[in-house]
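A.B. asks: Would you mind keeping the following structure in view while I ask a few things?
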Amino acid sequence: MKIDLRQFAILMLVVVSSFISSCSRPGSGDSYIDSLGLDEIVIEPAQSINLEDWNILKVNSFAVFGDWVAIRGADKRYAVSLLNLQTGENFGLAWRGRGPGEFVNPIGFDRKDSSLIIYDAASKVMVSIDIHKSSEKRIPVYDTLLIASPPVPPILKPHRLKSGMYITSAFSEEDHAWYGLRDSTGYLVASVLAPNFEPLQNMDANHYLSFVASSLYTSHPSGKKVCVASLMSAAISFSGIEENDLKEYHREEYNPPQIKNTASGTRMEGFTDGFEGLQSNDKYVYALYSGKKVENLKDDIAQARDCDYLIVYDWDANPVYLLRLQIPAYSISLSGDKLYALSNNPNLTMHIYKMPGFTVSR
């Protein structure tokens, strides 16, 4: 499978408790949501913070560490900034650049305990940043985890497990693979097949890899179970890990991508925006789901990312709650028993949910 990495890179661009306000059986028309067979519970945030009041105008990725929030946003000077939710203090932490400790092309934004893990695709170096120590010193406190020397294949959005291994997209090593398990040096040792969507069988290599790489990862604190969800369909997978083996034990797959045959090959024409957030603790997996159609790949993305649903699974892959957010969100982060959700309407706002029964800390 020949891959044009430049084309692929372009494709990849593409406190008061809350209360239950209503409960009803949905008739959403979305095949995935309807398949869950759960009553819909509408929830309201306990607290909302207008981030624009603190001059935070854009957040692409974020992770909450107590009072501090690590942010990847619009500031081209920094790969990571920190914001204190109590005081509004914010400052750039990790510089973009080619110097020591700087990032040229940072990808991934993976929270692991008190650290944020970032992989720089240019230098092929993976580091963890201790957020608590960094917030005290006002400089990044790094630990180098991996230097992916050739012939280690490209790594995208790595999710680090307790064992020191990684879950990432399987990339090109396995035909029709979705995600894979890599050892501590970055080599792929096991993989799980891609969703059984007919359009994927004929899709050109760049669009196929864009589809499978557009995924989110989370894991049980033990590192023995993982959940993977697609951004471009309603596909979600659960797998167990034993030593170097990755065994899928449950999956759901709905809403395949739309394709178009052209003279140069079969390409993706549209898709249903799937999961925009995936978090977990030792009891539950929290999946933020859109289900909105993306017909125009250039203009519809931002609107499609507004997600109404938060589906909660247990680690046996049973859906246990179908929550409808009163205010649609495009990204989430879990910290203890609080779920933090970002919304752009009408302003960039962080909504904080403290949900009954969701009190198991990670």
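Starting from 1 in every chain, residues are counted up; chains themselves are A, B, ... following the order of the structure tokens, and ligands are numbered from 1 as listed.
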Which residues are close to Arg305 of chain A, i.e. within 9 Å by only C-alpha atoms, leaving aside same-chain residues fewer than 6 positions away? Reply as a PyMOL selection string.

C.D. replies: chain A and resi 273-276+289-292+328-331

A.B. asks: Go ahead and save the picked residues with C-alpha atoms, as a short mmCIF file (atom, residue, chain, number, x, y, z; two decimals), in the first residue's frame.

C.D. replies:
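The resulting file, out.cif, is reproduced below:
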data_model
loop_
_atom_site.label_atom_id
_atom_site.label_comp_id
_atom_site.auth_asym_id
_atom_site.auth_seq_id
_atom_site.Cartn_x
_atom_site.Cartn_y
_atom_site.Cartn_z
CA ASP A 273 -19.19 12.69 12.34
CA GLY A 274 -18.74 10.07 15.01
CA PHE A 275 -16.97 10.36 18.36
CA GLU A 276 -15.30 13.64 19.31
CA TYR A 289 -20.94 11.41 20.03
CA SER A 290 -22.18 13.67 17.22
CA GLY A 291 -23.99 11.65 14.52
CA LYS A 292 -24.24 14.71 12.24
CA PRO A 328 -23.61 20.57 22.83
CA ALA A 329 -19.86 20.06 23.27
CA TYR A 330 -16.97 19.34 20.93
CA SER A 331 -14.40 18.01 23.42
#

A.B. asks: What lies within 9 Å of Leu51 of chain A using only C-alpha atoms, ignoring chain neighbours under 2 positions off, as a ChimeraX atom specification?

C.D. replies: /A:49,53-58,88,347-350

A.B. asks: Put those residues in a file: N, CA and C atoms, as an mmCIF file, in the first residue's frame.

C.D. replies:
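Result file is result-v6.cif:
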data_model
loop_
_atom_site.group_PDB
_atom_site.id
_atom_site.type_symbol
_atom_site.label_atom_id
_atom_site.label_comp_id
_atom_site.auth_asym_id
_atom_site.auth_seq_id
_atom_site.Cartn_x
_atom_site.Cartn_y
_atom_site.Cartn_z
ATOM 1 N N ILE A 49 -17.803 28.263 32.634
ATOM 2 C CA ILE A 49 -16.751 29.278 32.664
ATOM 3 C C ILE A 49 -16.540 29.792 31.251
ATOM 4 N N ASP A 53 -13.314 35.342 28.624
ATOM 5 C CA ASP A 53 -13.057 36.354 29.649
ATOM 6 C C ASP A 53 -11.600 36.343 30.078
ATOM 7 N N TRP A 54 -10.933 35.198 29.871
ATOM 8 C CA TRP A 54 -9.518 35.069 30.222
ATOM 9 C C TRP A 54 -8.631 35.075 28.974
ATOM 10 N N ASN A 55 -9.189 35.583 27.886
ATOM 11 C CA ASN A 55 -8.462 35.730 26.621
ATOM 12 C C ASN A 55 -8.046 34.380 26.029
ATOM 13 N N ILE A 56 -8.820 33.332 26.320
ATOM 14 C CA ILE A 56 -8.648 32.036 25.666
ATOM 15 C C ILE A 56 -9.691 31.982 24.557
ATOM 16 N N LEU A 57 -9.250 32.099 23.303
ATOM 17 C CA LEU A 57 -10.176 32.242 22.192
ATOM 18 C C LEU A 57 -10.367 30.961 21.388
ATOM 19 N N LYS A 58 -9.433 30.024 21.539
ATOM 20 C CA LYS A 58 -9.544 28.775 20.777
ATOM 21 C C LYS A 58 -8.855 27.654 21.534
ATOM 22 N N GLY A 88 -7.815 32.055 36.676
ATOM 23 C CA GLY A 88 -7.756 32.567 35.311
ATOM 24 C C GLY A 88 -6.346 32.798 34.816
ATOM 25 N N ASN A 347 -20.061 31.566 22.938
ATOM 26 C CA ASN A 347 -18.653 31.846 23.209
ATOM 27 C C ASN A 347 -17.941 30.563 23.602
ATOM 28 N N LEU A 348 -16.615 30.610 23.585
ATOM 29 C CA LEU A 348 -15.846 29.452 24.030
ATOM 30 C C LEU A 348 -16.031 29.295 25.537
ATOM 31 N N THR A 349 -16.734 28.241 25.918
ATOM 32 C CA THR A 349 -17.129 28.056 27.313
ATOM 33 C C THR A 349 -16.807 26.639 27.777
ATOM 34 N N MET A 350 -16.343 26.529 29.011
ATOM 35 C CA MET A 350 -16.124 25.226 29.620
ATOM 36 C C MET A 350 -17.277 24.950 30.584
#

A.B. asks: Excluding same-chain residues fewer than 5 positions from segment 316-327 of chain A, what lies within 8 Å of it counting only C-alpha atoms, as a PyMOL selection string?

C.D. replies: chain A and resi 36+38-45+238+250+308-311+343

A.B. asks: Store the residues picked out above in a file with N, CA and C atoms, as a PDB file, in the first residue's frame.

C.D. replies:
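Below you can see again-v5.pdb, which holds the result:
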ATOM      1  N   LEU A  36     -28.782   1.415  20.993  1.00  0.00           N
ATOM      2  CA  LEU A  36     -28.393   1.290  22.393  1.00  0.00           C
ATOM      3  C   LEU A  36     -29.560   0.862  23.275  1.00  0.00           C
ATOM      4  N   LEU A  38     -31.483   2.661  25.178  1.00  0.00           N
ATOM      5  CA  LEU A  38     -31.443   3.304  26.486  1.00  0.00           C
ATOM      6  C   LEU A  38     -32.361   4.518  26.530  1.00  0.00           C
ATOM      7  N   ASP A  39     -32.902   4.794  27.698  1.00  0.00           N
ATOM      8  CA  ASP A  39     -33.641   6.030  27.889  1.00  0.00           C
ATOM      9  C   ASP A  39     -32.672   7.204  27.871  1.00  0.00           C
ATOM     10  N   GLU A  40     -33.109   8.277  27.260  1.00  0.00           N
ATOM     11  CA  GLU A  40     -32.294   9.480  27.160  1.00  0.00           C
ATOM     12  C   GLU A  40     -32.443  10.328  28.426  1.00  0.00           C
ATOM     13  N   ILE A  41     -31.335  10.710  29.009  1.00  0.00           N
ATOM     14  CA  ILE A  41     -31.325  11.544  30.205  1.00  0.00           C
ATOM     15  C   ILE A  41     -30.666  12.873  29.850  1.00  0.00           C
ATOM     16  N   VAL A  42     -31.390  13.954  29.994  1.00  0.00           N
ATOM     17  CA  VAL A  42     -30.841  15.281  29.719  1.00  0.00           C
ATOM     18  C   VAL A  42     -30.193  15.819  30.984  1.00  0.00           C
ATOM     19  N   ILE A  43     -28.951  16.282  30.880  1.00  0.00           N
ATOM     20  CA  ILE A  43     -28.244  16.801  32.050  1.00  0.00           C
ATOM     21  C   ILE A  43     -27.793  18.236  31.810  1.00  0.00           C
ATOM     22  N   GLU A  44     -27.673  18.980  32.888  1.00  0.00           N
ATOM     23  CA  GLU A  44     -27.250  20.371  32.851  1.00  0.00           C
ATOM     24  C   GLU A  44     -25.934  20.530  33.601  1.00  0.00           C
ATOM     25  N   PRO A  45     -25.091  21.467  33.186  1.00  0.00           N
ATOM     26  CA  PRO A  45     -23.812  21.662  33.883  1.00  0.00           C
ATOM     27  C   PRO A  45     -24.009  22.280  35.261  1.00  0.00           C
ATOM     28  N   PHE A 238     -13.759  -2.440  21.745  1.00  0.00           N
ATOM     29  CA  PHE A 238     -13.157  -2.750  23.041  1.00  0.00           C
ATOM     30  C   PHE A 238     -12.222  -3.944  22.872  1.00  0.00           C
ATOM     31  N   HIS A 250     -15.414  -6.740  21.800  1.00  0.00           N
ATOM     32  CA  HIS A 250     -16.707  -6.187  21.421  1.00  0.00           C
ATOM     33  C   HIS A 250     -16.491  -5.017  20.470  1.00  0.00           C
ATOM     34  N   ASP A 308     -24.302  16.234  20.903  1.00  0.00           N
ATOM     35  CA  ASP A 308     -25.390  16.267  21.869  1.00  0.00           C
ATOM     36  C   ASP A 308     -25.329  15.114  22.866  1.00  0.00           C
ATOM     37  N   TYR A 309     -24.692  14.014  22.474  1.00  0.00           N
ATOM     38  CA  TYR A 309     -24.795  12.787  23.261  1.00  0.00           C
ATOM     39  C   TYR A 309     -23.485  12.416  23.959  1.00  0.00           C
ATOM     40  N   LEU A 310     -23.635  11.915  25.175  1.00  0.00           N
ATOM     41  CA  LEU A 310     -22.541  11.291  25.910  1.00  0.00           C
ATOM     42  C   LEU A 310     -23.001   9.882  26.267  1.00  0.00           C
ATOM     43  N   ILE A 311     -22.385   8.891  25.613  1.00  0.00           N
ATOM     44  CA  ILE A 311     -22.747   7.496  25.872  1.00  0.00           C
ATOM     45  C   ILE A 311     -21.761   6.936  26.881  1.00  0.00           C
ATOM     46  N   SER A 343     -17.627  24.083  24.661  1.00  0.00           N
ATOM     47  CA  SER A 343     -18.629  24.493  23.689  1.00  0.00           C
ATOM     48  C   SER A 343     -18.219  25.815  23.075  1.00  0.00           C
TER      49      SER A 343
END

A.B. asks: Tell me, in Å to one decimal, how far atom CA of Met232 of chain A is from atom CA of Phe109 of chain A.

C.D. replies: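 Interatomic distance here is 19.0 Å.
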
A.B. asks: Find the residue from A:Lys293, A:His159, A:Pro154, A:Lys224 that sits nearest to Ala121 of chain A; use only C-alpha atoms when measuring.

C.D. replies: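 Result for the nearest residue to Ala121 of chain A: A:Pro154.
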
A.B. asks: Could you state the separation of atom CA of Lys338 of chain A and atom CA of Ala79 of chain A in Å, given to one decimal place?

C.D. replies: 25.5 Å

A.B. asks: Write out as a list in words each polymer residue whose atoms come within 8 Å of segment 175-182 of chain A, counting only C-alpha atoms; drop sequence neighbours fewer than 3 positions from it.

C.D. replies: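 The residues that qualify are Met1, Met165, Tyr166, Ile167, Thr168, Ser169, Ala170, Phe171, Ser172, Thr185, Gly186, Tyr187, Leu188, Val189, Ala190, Ser191, Val192, Leu193, Ala194, Pro195, Val212, Ala213, Val228, Asn244, Asp245 and Leu246 of chain A.
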
A.B. asks: Take the residues from that selection and put them in a file with N, CA and C atoms, as a PDB file, in the first residue's frame.

C.D. replies:
ATOM      1  N   MET A   1       0.860  -1.183   0.000  1.00  0.00           N
ATOM      2  CA  MET A   1       0.000   0.000   0.000  1.00  0.00           C
ATOM      3  C   MET A   1       0.896   1.234   0.000  1.00  0.00           C
ATOM      4  N   MET A 165       3.655   0.339  26.958  1.00  0.00           N
ATOM      5  CA  MET A 165       3.332   0.100  25.558  1.00  0.00           C
ATOM      6  C   MET A 165       2.348   1.165  25.094  1.00  0.00           C
ATOM      7  N   TYR A 166       1.980   1.118  23.809  1.00  0.00           N
ATOM      8  CA  TYR A 166       1.156   2.171  23.229  1.00  0.00           C
ATOM      9  C   TYR A 166       0.043   1.592  22.368  1.00  0.00           C
ATOM     10  N   ILE A 167      -1.083   2.307  22.357  1.00  0.00           N
ATOM     11  CA  ILE A 167      -2.132   2.067  21.374  1.00  0.00           C
ATOM     12  C   ILE A 167      -2.088   3.225  20.382  1.00  0.00           C
ATOM     13  N   THR A 168      -2.016   2.908  19.090  1.00  0.00           N
ATOM     14  CA  THR A 168      -1.998   3.928  18.039  1.00  0.00           C
ATOM     15  C   THR A 168      -2.750   3.380  16.833  1.00  0.00           C
ATOM     16  N   SER A 169      -2.886   4.222  15.810  1.00  0.00           N
ATOM     17  CA  SER A 169      -3.371   3.686  14.536  1.00  0.00           C
ATOM     18  C   SER A 169      -2.346   2.670  14.040  1.00  0.00           C
ATOM     19  N   ALA A 170      -2.836   1.623  13.363  1.00  0.00           N
ATOM     20  CA  ALA A 170      -1.929   0.572  12.899  1.00  0.00           C
ATOM     21  C   ALA A 170      -1.127   1.010  11.682  1.00  0.00           C
ATOM     22  N   PHE A 171      -1.545   2.100  11.053  1.00  0.00           N
ATOM     23  CA  PHE A 171      -0.877   2.668   9.882  1.00  0.00           C
ATOM     24  C   PHE A 171      -0.775   1.623   8.775  1.00  0.00           C
ATOM     25  N   SER A 172       0.364   1.473   8.108  1.00  0.00           N
ATOM     26  CA  SER A 172       0.404   0.701   6.866  1.00  0.00           C
ATOM     27  C   SER A 172       0.942  -0.719   7.032  1.00  0.00           C
ATOM     28  N   THR A 185       9.382   0.428  22.233  1.00  0.00           N
ATOM     29  CA  THR A 185      10.268   1.044  21.243  1.00  0.00           C
ATOM     30  C   THR A 185       9.514   1.576  20.033  1.00  0.00           C
ATOM     31  N   GLY A 186       8.187   1.332  19.976  1.00  0.00           N
ATOM     32  CA  GLY A 186       7.373   1.864  18.890  1.00  0.00           C
ATOM     33  C   GLY A 186       6.990   0.871  17.819  1.00  0.00           C
ATOM     34  N   TYR A 187       7.441  -0.378  17.930  1.00  0.00           N
ATOM     35  CA  TYR A 187       7.120  -1.368  16.901  1.00  0.00           C
ATOM     36  C   TYR A 187       5.734  -1.972  17.120  1.00  0.00           C
ATOM     37  N   LEU A 188       5.018  -2.200  16.020  1.00  0.00           N
ATOM     38  CA  LEU A 188       3.695  -2.797  16.071  1.00  0.00           C
ATOM     39  C   LEU A 188       3.815  -4.284  16.357  1.00  0.00           C
ATOM     40  N   VAL A 189       3.090  -4.756  17.390  1.00  0.00           N
ATOM     41  CA  VAL A 189       3.154  -6.177  17.744  1.00  0.00           C
ATOM     42  C   VAL A 189       1.813  -6.877  17.585  1.00  0.00           C
ATOM     43  N   ALA A 190       0.714  -6.119  17.501  1.00  0.00           N
ATOM     44  CA  ALA A 190      -0.612  -6.717  17.312  1.00  0.00           C
ATOM     45  C   ALA A 190      -1.547  -5.637  16.790  1.00  0.00           C
ATOM     46  N   SER A 191      -2.603  -6.061  16.103  1.00  0.00           N
ATOM     47  CA  SER A 191      -3.534  -5.073  15.554  1.00  0.00           C
ATOM     48  C   SER A 191      -4.944  -5.634  15.517  1.00  0.00           C
ATOM     49  N   VAL A 192      -5.910  -4.720  15.322  1.00  0.00           N
ATOM     50  CA  VAL A 192      -7.332  -5.053  15.222  1.00  0.00           C
ATOM     51  C   VAL A 192      -7.833  -4.573  13.870  1.00  0.00           C
ATOM     52  N   LEU A 193      -8.658  -5.379  13.223  1.00  0.00           N
ATOM     53  CA  LEU A 193      -9.147  -5.062  11.892  1.00  0.00           C
ATOM     54  C   LEU A 193     -10.017  -3.807  11.886  1.00  0.00           C
ATOM     55  N   ALA A 194     -10.006  -3.123  10.749  1.00  0.00           N
ATOM     56  CA  ALA A 194     -10.826  -1.931  10.563  1.00  0.00           C
ATOM     57  C   ALA A 194     -12.304  -2.304  10.527  1.00  0.00           C
ATOM     58  N   PRO A 195     -13.185  -1.315  10.715  1.00  0.00           N
ATOM     59  CA  PRO A 195     -14.622  -1.602  10.591  1.00  0.00           C
ATOM     60  C   PRO A 195     -14.946  -2.272   9.264  1.00  0.00           C
ATOM     61  N   VAL A 212      -8.882   5.478   9.257  1.00  0.00           N
ATOM     62  CA  VAL A 212      -8.546   4.662  10.419  1.00  0.00           C
ATOM     63  C   VAL A 212      -7.724   5.439  11.441  1.00  0.00           C
ATOM     64  N   ALA A 213      -6.930   6.409  10.967  1.00  0.00           N
ATOM     65  CA  ALA A 213      -6.116   7.191  11.893  1.00  0.00           C
ATOM     66  C   ALA A 213      -6.937   8.245  12.626  1.00  0.00           C
ATOM     67  N   VAL A 228     -11.446   2.106  21.625  1.00  0.00           N
ATOM     68  CA  VAL A 228     -11.083   2.924  20.469  1.00  0.00           C
ATOM     69  C   VAL A 228     -12.363   3.321  19.749  1.00  0.00           C
ATOM     70  N   ASN A 244       1.925  -9.231  24.819  1.00  0.00           N
ATOM     71  CA  ASN A 244       2.018  -8.582  23.514  1.00  0.00           C
ATOM     72  C   ASN A 244       0.835  -8.890  22.616  1.00  0.00           C
ATOM     73  N   ASP A 245      -0.273  -9.283  23.198  1.00  0.00           N
ATOM     74  CA  ASP A 245      -1.430  -9.683  22.407  1.00  0.00           C
ATOM     75  C   ASP A 245      -2.582  -8.705  22.627  1.00  0.00           C
ATOM     76  N   LEU A 246      -3.297  -8.419  21.548  1.00  0.00           N
ATOM     77  CA  LEU A 246      -4.425  -7.490  21.555  1.00  0.00           C
ATOM     78  C   LEU A 246      -5.636  -8.235  21.011  1.00  0.00           C
TER      79      LEU A 246
END

A.B. asks: Please measure the separation of atom CA of Pro100 of chain A and atom CA of Ser123 of chain A, giving the value in Å to one decimal.

C.D. replies: 10.7 Å

A.B. asks: For Leu216 of chain A, please output as a list in words all residues within 7 Å (counting only C-alpha atoms; exclusion window: fewer than 6 positions along the same chain).

C.D. replies: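 So, after excluding close chain neighbours, the residues are Val228, Ala229, Ser230 and Leu278 of chain A.
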
A.B. asks: Output N, CA and C atoms for every residue in that selection, as a PDB file, in the first residue's frame.

C.D. replies:
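Wrote it out as again24.pdb, contents follow:
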ATOM      1  N   VAL A 228     -11.446   2.106  21.625  1.00  0.00           N
ATOM      2  CA  VAL A 228     -11.083   2.924  20.469  1.00  0.00           C
ATOM      3  C   VAL A 228     -12.363   3.321  19.749  1.00  0.00           C
ATOM      4  N   ALA A 229     -12.469   4.597  19.363  1.00  0.00           N
ATOM      5  CA  ALA A 229     -13.676   5.091  18.691  1.00  0.00           C
ATOM      6  C   ALA A 229     -13.282   5.926  17.487  1.00  0.00           C
ATOM      7  N   SER A 230     -14.096   5.862  16.449  1.00  0.00           N
ATOM      8  CA  SER A 230     -13.830   6.544  15.179  1.00  0.00           C
ATOM      9  C   SER A 230     -14.432   7.941  15.167  1.00  0.00           C
ATOM     10  N   LEU A 278     -13.288  10.855  24.085  1.00  0.00           N
ATOM     11  CA  LEU A 278     -13.281   9.515  24.681  1.00  0.00           C
ATOM     12  C   LEU A 278     -12.446   9.571  25.954  1.00  0.00           C
TER      13      LEU A 278
END

A.B. asks: Could you tell me, as a PyMOL selection string, which residues of segment 108-337 of chain A DSSP assigns to strand (DSSP E) when given the backbone?

C.D. replies: chain A and resi 108-112+115-120+125-130+142-147+159-160+166-169+177-182+188-193+215-219+225-230+234-242+245-254+258-262+265-272+275-280+284-289+293-294+307-314+319-329+331-335

A.B. asks: Tyr284 of chain A: which residues within 12 Å, counting only C-alpha atoms, same-chain residues fewer than 5 positions away excluded, as an MDAnalysis selection string?

C.D. replies: chainID A and resid 218:221 225:227 278:279 310:321 334 336:337 357:362

A.B. asks: Rank nothing, just name the residue among A:Ser134, A:Ser128, A:Ser115, A:Asn345 nearest to Leu146 of chain A, using only C-alpha atoms.

C.D. replies: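 The answer is A:Ser128, which sits nearest to Leu146 of chain A.
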
A.B. asks: Running DSSP on the backbone, which parts of segment 120-293 of chain A land in helix (DSSP H, G or I), as a list in words?

C.D. replies: Ile131, His132, Lys133, Ser134, Ser135, Glu136, Lys137, Glu198, Pro199, Leu200, Gln201, Asn202, Ala205, Asn206, His207, Tyr208, Leu209, Ser210, Phe211, Val212 and Ala213 of chain A

A.B. asks: For the residues selected in the previous step, produce a file with C-alpha atoms as a PDB file, in the first residue's frame.

C.D. replies:
ATOM      1  CA  ILE A 131       1.824  19.281  34.782  1.00  0.00           C
ATOM      2  CA  HIS A 132       1.878  19.839  38.540  1.00  0.00           C
ATOM      3  CA  LYS A 133       5.658  20.380  38.680  1.00  0.00           C
ATOM      4  CA  SER A 134       5.543  22.488  35.518  1.00  0.00           C
ATOM      5  CA  SER A 135       2.803  24.731  36.919  1.00  0.00           C
ATOM      6  CA  GLU A 136       4.930  25.355  40.029  1.00  0.00           C
ATOM      7  CA  LYS A 137       8.155  26.081  38.146  1.00  0.00           C
ATOM      8  CA  GLU A 198     -17.739  -1.878   2.195  1.00  0.00           C
ATOM      9  CA  PRO A 199     -16.511   1.613   1.144  1.00  0.00           C
ATOM     10  CA  LEU A 200     -13.209   0.969   2.936  1.00  0.00           C
ATOM     11  CA  GLN A 201     -12.474  -2.004   0.716  1.00  0.00           C
ATOM     12  CA  ASN A 202     -12.113   0.170  -2.389  1.00  0.00           C
ATOM     13  CA  ALA A 205      -4.607   4.358   0.497  1.00  0.00           C
ATOM     14  CA  ASN A 206      -4.450   7.982   1.656  1.00  0.00           C
ATOM     15  CA  HIS A 207      -8.172   8.267   2.374  1.00  0.00           C
ATOM     16  CA  TYR A 208      -8.241   4.824   3.987  1.00  0.00           C
ATOM     17  CA  LEU A 209      -5.413   5.758   6.339  1.00  0.00           C
ATOM     18  CA  SER A 210      -7.061   9.084   7.069  1.00  0.00           C
ATOM     19  CA  PHE A 211     -10.196   7.203   8.114  1.00  0.00           C
ATOM     20  CA  VAL A 212      -8.546   4.662  10.419  1.00  0.00           C
ATOM     21  CA  ALA A 213      -6.116   7.191  11.893  1.00  0.00           C
TER      22      ALA A 213
END
